[in-house]
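What follows is data_10.cif (mmCIF, C-alpha atoms).
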data_protein
#
loop_
_atom_site.label_atom_id
_atom_site.label_comp_id
_atom_site.auth_asym_id
_atom_site.auth_seq_id
_atom_site.Cartn_x
_atom_site.Cartn_y
_atom_site.Cartn_z
CA MET F 701 46.92 13.97 -255.94
CA VAL F 702 48.40 17.34 -255.08
CA LYS F 703 46.84 20.40 -256.61
CA LEU F 704 49.30 23.16 -257.45
CA PHE F 705 47.96 26.67 -257.02
CA CYS F 706 50.16 29.41 -258.42
CA PRO F 707 48.03 32.20 -259.95
CA LYS F 708 49.06 33.51 -263.32
CA GLY F 709 51.12 36.66 -263.08
CA LEU F 710 52.29 36.22 -259.50
CA LEU F 711 55.75 35.11 -260.54
CA ALA F 712 56.37 38.62 -261.79
CA LEU F 713 55.55 39.88 -258.31
CA SER F 714 58.34 37.93 -256.62
CA THR F 715 56.47 35.03 -255.08
CA ILE F 716 56.92 31.69 -253.47
CA CYS F 717 54.12 29.22 -253.92
CA LEU F 718 53.67 26.19 -251.69
CA VAL F 719 51.16 23.42 -252.00
CA SER F 720 50.45 20.88 -249.30
CA SER F 721 48.20 17.89 -248.80
CA LEU F 722 48.01 15.25 -246.10
CA VAL F 723 50.59 13.06 -247.76
CA SER F 724 52.87 15.22 -249.89
CA GLN F 725 54.26 18.68 -250.54
CA LEU F 726 55.49 20.53 -253.59
CA SER F 727 56.98 24.00 -253.95
CA CYS F 728 57.64 26.46 -256.71
CA HIS F 729 60.28 28.96 -255.67
CA ALA F 730 60.48 32.18 -257.63
CA ALA F 731 61.22 34.94 -255.17
CA GLN F 732 60.36 36.62 -251.96
CA LYS F 733 57.99 39.49 -251.36
CA THR F 734 54.48 38.12 -251.93
CA SER F 735 54.05 34.60 -250.58
CA THR F 736 51.24 32.24 -251.43
CA ALA F 737 50.25 28.91 -249.92
CA SER F 738 47.52 26.46 -250.82
CA ALA F 739 46.31 23.11 -249.55
CA ALA F 740 43.99 20.28 -250.50
CA GLY F 741 43.91 18.60 -247.09
CA VAL F 742 41.19 20.51 -245.17
CA SER F 743 38.04 20.88 -247.26
CA LYS F 744 40.31 21.69 -250.23
CA LEU F 745 41.02 25.12 -248.80
CA ILE F 746 43.33 27.53 -250.53
CA ALA F 747 45.11 29.97 -248.21
CA THR F 748 47.11 32.94 -249.49
CA VAL F 749 49.15 35.35 -247.39
CA ASP F 750 51.34 38.29 -248.38
CA GLY F 751 54.40 38.21 -246.14
CA GLY F 752 55.23 41.82 -247.06
CA GLN F 753 58.09 43.15 -244.93
CA LEU F 754 57.66 40.36 -242.37
CA ALA F 755 58.40 37.10 -244.18
CA LYS F 756 60.23 36.04 -247.31
CA THR F 757 58.76 32.53 -247.39
CA ILE F 758 55.46 31.01 -246.32
CA HIS F 759 55.05 27.33 -245.41
CA LEU F 760 51.74 25.53 -245.22
CA LYS F 761 51.14 22.26 -243.39
CA VAL F 762 48.05 20.19 -242.70
CA ILE F 763 48.05 19.32 -239.00
CA PRO F 764 46.26 16.03 -238.15
CA LYS F 765 43.46 15.87 -235.62
CA THR F 766 44.42 15.59 -231.95
CA ALA F 767 41.75 13.95 -229.83
CA ASN F 768 40.66 15.91 -226.77
CA ASN F 769 41.63 14.28 -223.47
CA PHE F 770 38.94 15.24 -220.98
CA ASP F 771 40.76 13.73 -218.00
CA GLU F 772 44.11 15.46 -218.37
CA PRO F 773 45.27 19.08 -218.54
CA PRO F 774 45.45 21.41 -220.29
CA PHE F 775 41.83 22.49 -220.67
CA MET F 776 40.49 22.06 -224.23
CA ASN F 777 43.61 20.22 -225.40
CA GLY F 778 42.16 18.71 -228.59
CA GLU F 779 42.37 20.18 -232.09
CA PRO F 780 40.66 19.16 -235.33
CA GLU F 781 42.59 18.66 -238.55
CA HIS F 782 43.58 22.17 -239.54
CA LEU F 783 45.94 24.30 -241.61
CA ARG F 784 49.05 25.89 -240.15
CA VAL F 785 50.96 28.63 -241.94
CA SER F 786 54.49 29.29 -240.66
CA PHE F 787 57.04 31.85 -241.80
CA ASP F 788 60.61 31.62 -243.10
CA SER F 789 62.60 28.99 -241.16
CA ASP F 790 60.60 29.25 -237.92
CA LYS F 791 60.38 25.99 -235.97
CA ILE F 792 56.96 25.70 -234.36
CA THR F 793 56.67 23.82 -231.08
CA ASP F 794 53.62 22.83 -229.06
CA TYR F 795 54.90 24.64 -225.97
CA GLY F 796 54.29 28.39 -225.91
CA ALA F 797 52.46 28.38 -229.23
CA ASP F 798 50.97 31.80 -228.50
CA LEU F 799 54.47 33.31 -228.47
CA GLN F 800 55.35 31.96 -231.92
CA ARG F 801 54.38 33.51 -235.23
CA GLN F 802 51.92 31.31 -237.02
CA LEU F 803 48.51 31.37 -238.67
CA LEU F 804 46.02 28.60 -237.90
CA VAL F 805 42.81 27.87 -239.82
CA TYR F 806 40.28 25.68 -238.01
CA PRO F 807 36.96 24.24 -239.22
CA VAL F 808 34.56 25.48 -236.53
CA ALA F 809 32.13 22.55 -236.58
CA ALA F 810 34.86 19.91 -236.30
CA TYR F 811 36.53 21.90 -233.51
CA ALA F 812 33.30 22.10 -231.50
CA GLN F 813 32.65 18.37 -231.82
CA LEU F 814 35.84 17.59 -229.88
CA PHE F 815 34.42 18.94 -226.63
CA LYS F 816 31.63 18.25 -224.19
CA GLY F 817 30.42 19.64 -220.89
CA LYS F 818 32.36 22.63 -219.54
CA GLU F 819 34.85 22.53 -222.39
CA ARG F 820 32.12 22.65 -225.04
CA ALA F 821 30.46 25.51 -223.17
CA GLU F 822 33.76 27.42 -223.09
CA PHE F 823 34.38 26.80 -226.79
CA ASP F 824 30.88 27.99 -227.72
CA LYS F 825 31.35 31.05 -225.48
CA THR F 826 34.62 31.93 -227.24
CA VAL F 827 33.11 31.71 -230.72
CA ALA F 828 29.97 33.61 -229.63
CA SER F 829 32.12 36.37 -228.12
CA LEU F 830 34.04 36.75 -231.38
CA LYS F 831 30.82 36.85 -233.40
CA SER F 832 29.46 39.56 -231.10
CA ILE F 833 32.61 41.67 -231.42
CA ILE F 834 32.50 41.36 -235.21
CA GLN F 835 28.79 42.23 -235.36
CA LYS F 836 29.18 45.26 -233.09
CA ARG F 837 32.48 46.28 -234.73
CA THR F 838 33.96 46.91 -231.29
CA ALA F 839 35.39 45.02 -228.31
CA ALA F 840 34.53 47.79 -225.85
CA GLY F 841 33.44 46.34 -222.53
CA VAL F 842 34.82 42.86 -223.26
CA LYS F 843 36.99 41.87 -220.29
CA GLU F 844 38.72 38.90 -221.93
CA LEU F 845 39.04 38.71 -225.70
CA PRO F 846 38.42 35.41 -227.51
CA MET F 847 41.49 33.24 -228.07
CA LEU F 848 41.92 29.85 -229.73
CA PRO F 849 43.59 27.51 -229.18
CA ALA F 850 43.04 27.92 -225.45
CA VAL F 851 45.94 29.40 -223.45
CA GLU F 852 47.05 27.78 -220.19
CA ALA F 853 46.80 31.05 -218.26
CA TYR F 854 44.45 33.97 -217.74
CA GLU F 855 44.46 37.20 -219.73
CA VAL F 856 46.40 39.83 -217.79
CA PHE F 857 45.60 42.63 -220.24
CA HIS F 858 44.84 43.51 -223.85
CA ASN F 859 45.24 46.76 -225.76
CA HIS F 860 45.69 48.16 -229.29
CA VAL F 861 42.37 46.55 -230.22
CA LYS F 862 41.07 47.00 -233.75
CA ILE F 863 38.64 45.30 -236.13
CA LEU F 864 40.33 44.08 -239.30
CA GLU F 865 38.94 42.53 -242.45
CA TYR F 866 40.71 39.82 -244.38
CA LYS F 867 39.63 38.50 -247.75
CA GLY F 868 36.65 36.37 -246.81
CA GLY F 869 36.23 37.23 -243.16
CA THR F 870 36.50 39.63 -240.24
CA GLY F 871 38.16 39.54 -236.85
CA VAL F 872 39.74 41.41 -233.98
CA ALA F 873 43.44 42.23 -233.62
CA PHE F 874 45.04 43.11 -230.29
CA ILE F 875 48.12 42.94 -228.10
CA ALA F 876 47.66 40.44 -225.26
CA CYS F 877 49.45 39.08 -222.23
CA TYR F 878 48.58 35.80 -220.52
CA ALA F 879 50.13 34.66 -217.24
CA GLN F 880 49.59 32.77 -214.01
CA ASP F 881 50.28 35.87 -211.90
CA GLU F 882 50.80 39.62 -212.19
CA ALA F 883 54.59 39.71 -212.29
CA PRO F 884 56.58 42.70 -213.64
CA LEU F 885 56.34 43.10 -217.41
CA LYS F 886 59.08 42.59 -220.00
CA ASN F 887 59.38 42.01 -223.73
CA GLY F 888 58.51 38.40 -224.48
CA ASP F 889 55.49 38.43 -222.14
CA PHE F 890 53.00 39.70 -224.74
CA PHE F 891 52.18 39.20 -228.41
CA TYR F 892 50.00 40.36 -231.29
CA SER F 893 46.90 38.24 -231.81
CA TYR F 894 44.26 38.14 -234.51
CA GLN F 895 41.09 36.10 -234.02
CA GLY F 896 38.74 35.96 -236.98
CA LEU F 897 35.83 34.15 -238.57
CA SER F 898 35.07 33.56 -242.23
CA HIS F 899 31.92 35.32 -243.42
CA ASP F 900 30.07 32.00 -243.62
CA GLY F 901 31.13 31.12 -240.06
CA LYS F 902 32.77 27.86 -241.12
CA TYR F 903 36.40 28.71 -240.37
CA TYR F 904 38.12 30.23 -237.34
CA ILE F 905 41.35 32.11 -238.06
CA SER F 906 43.97 32.53 -235.34
CA LEU F 907 47.24 34.38 -235.86
CA THR F 908 49.86 34.98 -233.19
CA TYR F 909 52.96 37.11 -233.73
CA PRO F 910 55.56 38.05 -231.07
CA VAL F 911 56.27 41.78 -230.83
CA LYS F 912 58.57 43.95 -228.75
CA ALA F 913 57.99 47.43 -227.37
CA ASN F 914 61.11 49.45 -228.02
CA LYS F 915 60.63 51.65 -224.94
CA LEU F 916 59.79 48.91 -222.45
CA LYS F 917 62.51 48.05 -219.94
CA ASP F 918 62.81 44.63 -218.32
CA ASN F 919 60.87 44.08 -215.10
CA THR F 920 58.73 47.18 -215.46
CA PRO F 921 55.95 47.19 -212.83
CA LEU F 922 52.85 45.70 -214.45
CA LYS F 923 50.56 48.75 -214.23
CA THR F 924 53.34 51.01 -215.51
CA GLY F 925 54.09 48.62 -218.35
CA ILE F 926 50.46 48.37 -219.41
CA LYS F 927 50.14 52.16 -219.42
CA LEU F 928 53.29 52.46 -221.55
CA LEU F 929 52.20 49.83 -224.08
CA THR F 930 48.79 51.43 -224.43
CA SER F 931 50.37 54.81 -225.17
CA LEU F 932 52.73 53.56 -227.89
CA GLN F 933 52.12 54.09 -231.59
CA ASP F 934 52.18 51.15 -234.02
CA LYS F 935 55.67 52.02 -235.26
CA GLU F 936 57.07 51.91 -231.72
CA PHE F 937 56.69 48.13 -231.72
CA THR F 938 59.00 45.71 -233.51
CA PRO F 939 57.76 44.72 -235.95
CA SER F 940 55.39 47.62 -236.53
CA LEU F 941 51.81 46.66 -235.73
CA SER F 942 50.80 48.27 -239.02
CA ASP F 943 52.92 45.76 -240.95
CA ILE F 944 51.19 42.86 -239.20
CA ASP F 945 47.82 44.49 -239.89
CA LYS F 946 48.67 44.57 -243.59
CA MET F 947 49.58 40.89 -243.54
CA ILE F 948 46.25 40.10 -241.87
CA GLU F 949 44.34 42.06 -244.50
CA SER F 950 46.11 40.09 -247.26
CA ILE F 951 44.90 36.70 -245.95
CA SER F 952 42.54 34.85 -248.25
CA ILE F 953 40.89 31.55 -247.30
CA LYS F 954 38.89 29.87 -250.07
#
Output the structure of this file as structure tokens.
Amino acid sequence: MVKLFCPKGLLALSTICLVSSLVSQLSCHAAQKTSTASAAGVSKLIATVDGGQLAKTIHLKVIPKTANNFDEPPFMNGEPEHLRVSFDSDKITDYGADLQRQLLVYPVAAYAQLFKGKERAEFDKTVASLKSIIQKRTAAGVKELPMLPAVEAYEVFHNHVKILEYKGGTGVAFIACYAQDEAPLKNGDFFYSYQGLSHDGKYYISLTYPVKANKLKDNTPLKTGIKLLTSLQDKEFTPSLSDIDKMIESISIK
């Protein structure tokens, strides 16, 4: 049975409401600015997101569990059943997921149970690092910010770090670049990330959103590029980092 969640009064606010379960999907299509999604597949969670200036439609899908393969790369390749929110007509692929705009909601306990040994230690370290950042309200001194799902590269840099609250949790937002080397920098090499935890610690929230720096030229030397990105204001990125911040703050996971 699919549960339809479309709060009274939202239709007047120009909304699209989507409901998803493991076996079926329904949609009520009334407009565009505020987008709402809900699901009954993962602990009967209801997720709502305001697309604001960034998205006219929101799509929710329950992603089945992927068993972790300890003997094959990449590291920490398993994922529990989780929710994925995509935007407009974006087609999400497994390759380069960190450079695609999407919101993922993971049950922490089920995620942890997929791993053992070094992978479990790395997972626990990631969650503990995020909890510490949230508790201290700062990421100062943290060399590599937490990121799930795991990226097949090392963090080259992060900047524009800020603590943001969403409805039901807290997390850290930042611009990040991951790579196998320290090649010259160009647009497409970095993205906006938000890593958050629900207040009860049960759910891990991961949002990635590609951004461009309007003043960055292709193949800028890495150190020069990092210095430039750090100096830019929110509005000098496309989309504006402030608009993504607002979308983050509108997230509600119940």
Kindly provide, as AutoDock Vina command-line options, the centre and edge lengths (Å, one decimal) of an axis-aligned box around all atoms of segment 781-797 of chain F given in the file, with 5 Å on each side.
--center_x 52.6 --center_y 25.3 --center_z -234.5 --size_x 30.0 --size_y 23.2 --size_z 27.2
Check what the PyMOL selection byres ((chain F and resi 803) around 6) selects in the file above and give those residues as a VMD selection string.
-> chain F and resid 784 to 785 802 804 906 to 907
Those same residues, written as a compact mmCIF listing (two decimals), keeping the file's coordinate frame with C-alpha atoms?
# COMPACT_ATOMS: atom_id res chain seq x y z
CA ARG F 784 49.05 25.89 -240.15
CA VAL F 785 50.96 28.63 -241.94
CA GLN F 802 51.92 31.31 -237.02
CA LEU F 804 46.02 28.60 -237.90
CA SER F 906 43.97 32.53 -235.34
CA LEU F 907 47.24 34.38 -235.86
Here atom CA of Val872 of chain F and atom CA of Gly896 of chain F stand apart by 6.3 Å
Spatial neighbours of segment 951-953 of chain F, 8 Å, only C-alpha atoms, chain gap at least 2 places, as a PyMOL selection string = chain F and resi 745-750+866-868+898+947-949
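Across the model, the gap from atom CA of Gly888 of chain F to atom CA of Val911 of chain F is 7.5 Å.
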